[in-house]
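*Asks:* This is the structure, below, for whatever I ask next.
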Amino acid sequence: MAFGIGRRLDRLSEKVDGLSERIGHAQQAITDALDRSLTSLRTTIEATLNAAQNARDTAALTHARTDAIHSELQGLRNETQRLQPAPPPRDDQQILNQLAELRHSIEGLRTDLAAVKTPEPPTPPTKPDPQVATQPPSEGDDFERLLGLAARIAYAQLTCHRDHWDFLVAQSSSGQHFRLPAGVKEANGLIQAEISGRTLIAALDALRATEQDPAAPIGTRTFAAVIYERIGAALYKVDGDQADAHYQAGNNCPPVTHIIIDDRPPASGS
């Protein structure tokens, strides 16, 4: 019986030794795993610290360069201000202004003397120009009359350069009574358009507003005034039975008013 107990104790001792060995292996494995994790973590921390240090170094270098550039710009600004010519003293400036005024006065006196010394030649008598005789009165007084004349005609034939036509359309197209004519032709560099009386009302209204607009450029106001005057002259000729008629070949319709915006030199005699 004692022999059986001893054998059991021996087997139990062997099991305890085996368990101890397994525990030792497990502890070693855990230790190795912790060492590997700590080594990887240490490497990561060191890399992060190095990157942060590099970023700080780069920021410091950039700041130093920015300061250097700012200093150079300030130096250039100071040098530029130093090289700029100083304004003349107030007394010298007043003298220069007085000299300029005197020079202007002298030029005016010279012009007056030249006008006195050079009498104008007598104007030869000329025949009255029929076109001048039919010029309309002041548009400021007869604007409503022109609108009435335009309203009484069916349409008029307009002959002008494309630039005149584009200007007329651009000025008048926003008006209530403007209608873009369908019969627009171009030949020999000129536009021929059949404009209704209602469209003429819109054109007169827009051109008059542009001519009287002080904010418009002088060229725009002059352009508007010329086209306004030509339309008005043609309408006044209709009212005085002196209209320049436009006939359509092969058409039994009565002649229509012809508005021409084209000053050309007279043809030379043969």
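Chain identifiers are assigned as A, B, and so on, following the order in which chains appear in the structure tokens; residues are numbered from 1 within each chain, and ligands are numbered from 1 in order of appearance.
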Might you pull out every residue within 10 Å of Leu158 (chain A), with only C-alpha atoms counted and same-chain residues fewer than 2 positions away left off, and present them as an MDAnalysis selection string?
*Replies:* chainID A and resid 155:156 160:161 165 184 190:195 231 246 257:261
*Asks:* Which neighbours of Gly232 (chain A) fall inside 7 Å, counting only C-alpha atoms, when residues of the same chain fewer than 3 positions from it are skipped, and could you give them as a PDB file with N, CA and C atoms, in the first residue's frame?
*Replies:*
```
ATOM      1  N   PRO A 136     -34.990 121.728 -89.261  1.00  0.00           N
ATOM      2  CA  PRO A 136     -36.053 121.862 -88.250  1.00  0.00           C
ATOM      3  C   PRO A 136     -35.697 122.921 -87.228  1.00  0.00           C
ATOM      4  N   LEU A 146     -42.315 116.575 -83.500  1.00  0.00           N
ATOM      5  CA  LEU A 146     -41.644 115.517 -84.241  1.00  0.00           C
ATOM      6  C   LEU A 146     -42.279 114.155 -83.957  1.00  0.00           C
ATOM      7  N   TYR A 228     -30.528 112.172 -84.630  1.00  0.00           N
ATOM      8  CA  TYR A 228     -31.796 112.825 -84.266  1.00  0.00           C
ATOM      9  C   TYR A 228     -32.108 113.949 -85.257  1.00  0.00           C
ATOM     10  N   GLU A 229     -31.093 114.734 -85.615  1.00  0.00           N
ATOM     11  CA  GLU A 229     -31.314 115.870 -86.514  1.00  0.00           C
ATOM     12  C   GLU A 229     -31.725 115.403 -87.904  1.00  0.00           C
ATOM     13  N   LEU A 235     -38.560 114.406 -91.338  1.00  0.00           N
ATOM     14  CA  LEU A 235     -39.965 114.548 -90.950  1.00  0.00           C
ATOM     15  C   LEU A 235     -40.487 115.946 -91.244  1.00  0.00           C
ATOM     16  N   TYR A 236     -39.655 116.978 -91.015  1.00  0.00           N
ATOM     17  CA  TYR A 236     -40.090 118.334 -91.318  1.00  0.00           C
ATOM     18  C   TYR A 236     -40.279 118.530 -92.823  1.00  0.00           C
TER      19      TYR A 236
END
```
*Asks:* Just to confirm, what's the straight-line distance from CA of Ala206 (chain A) to CA of Gly175 (chain A) in Å (one decimal)?
*Replies:*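 Calculated distance between CA of Ala206 (chain A) and CA of Gly175 (chain A) is 7.2 Å.
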*Asks:* So which residues touch Leu180 (chain A) within 12 Å, counting only C-alpha atoms, skipping near sequence neighbours fewer than 2 positions away, as a list in words?
*Replies:*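 Residues near the query, excluding close chain neighbours: Trp165, Asp166, Leu168, Val169, Ala170, Ser172, Ser173, Ser174, Gly175, Gln176, His177, Phe178, Ala182, Gly183, Val184, Ala193, Glu194, Ile195, Ser196, Gly197, Arg198, Thr199, Leu200, Ala202 and Ala203 of chain A.
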*Asks:* Can you measure CA of Ala151 (chain A) to CA of Arg208 (chain A) for me? One decimal in Å is fine.
*Replies:*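 Taking CA of Ala151 (chain A) and CA of Arg208 (chain A), their separation equals 16.6 Å.
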*Asks:* With DSSP run on the backbone, what are the strand (DSSP E) residues within region 152-260 of chain A? I'd like them as a list in words.
*Replies:*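 So the strand (DSSP E) residues in region 152-260 of chain A would be Tyr155, Ala156, Gln157, Leu158, Thr159, Cys160, His161, Val184, Lys185, Glu186, Ala187, Leu190, Ile191, Gln192, Ala193, Glu194, Ile195, Ser196, Ala245, His246, Val256, Thr257, His258, Ile259 and Ile260 of chain A.
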*Asks:* Could you please determine the separation between CA of Leu149 (chain A) and CA of Lys237 (chain A) in Å, to one decimal place?
*Replies:*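 The value is 10.2 Å.
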*Asks:* Taking only C-alpha atoms into account, which of A:Thr222, A:Ala187, A:Asp213, A:Ala233 comes nearest Ala150 (chain A)?
*Replies:*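 Among the listed residues, A:Ala233 lies closest to Ala150 (chain A).
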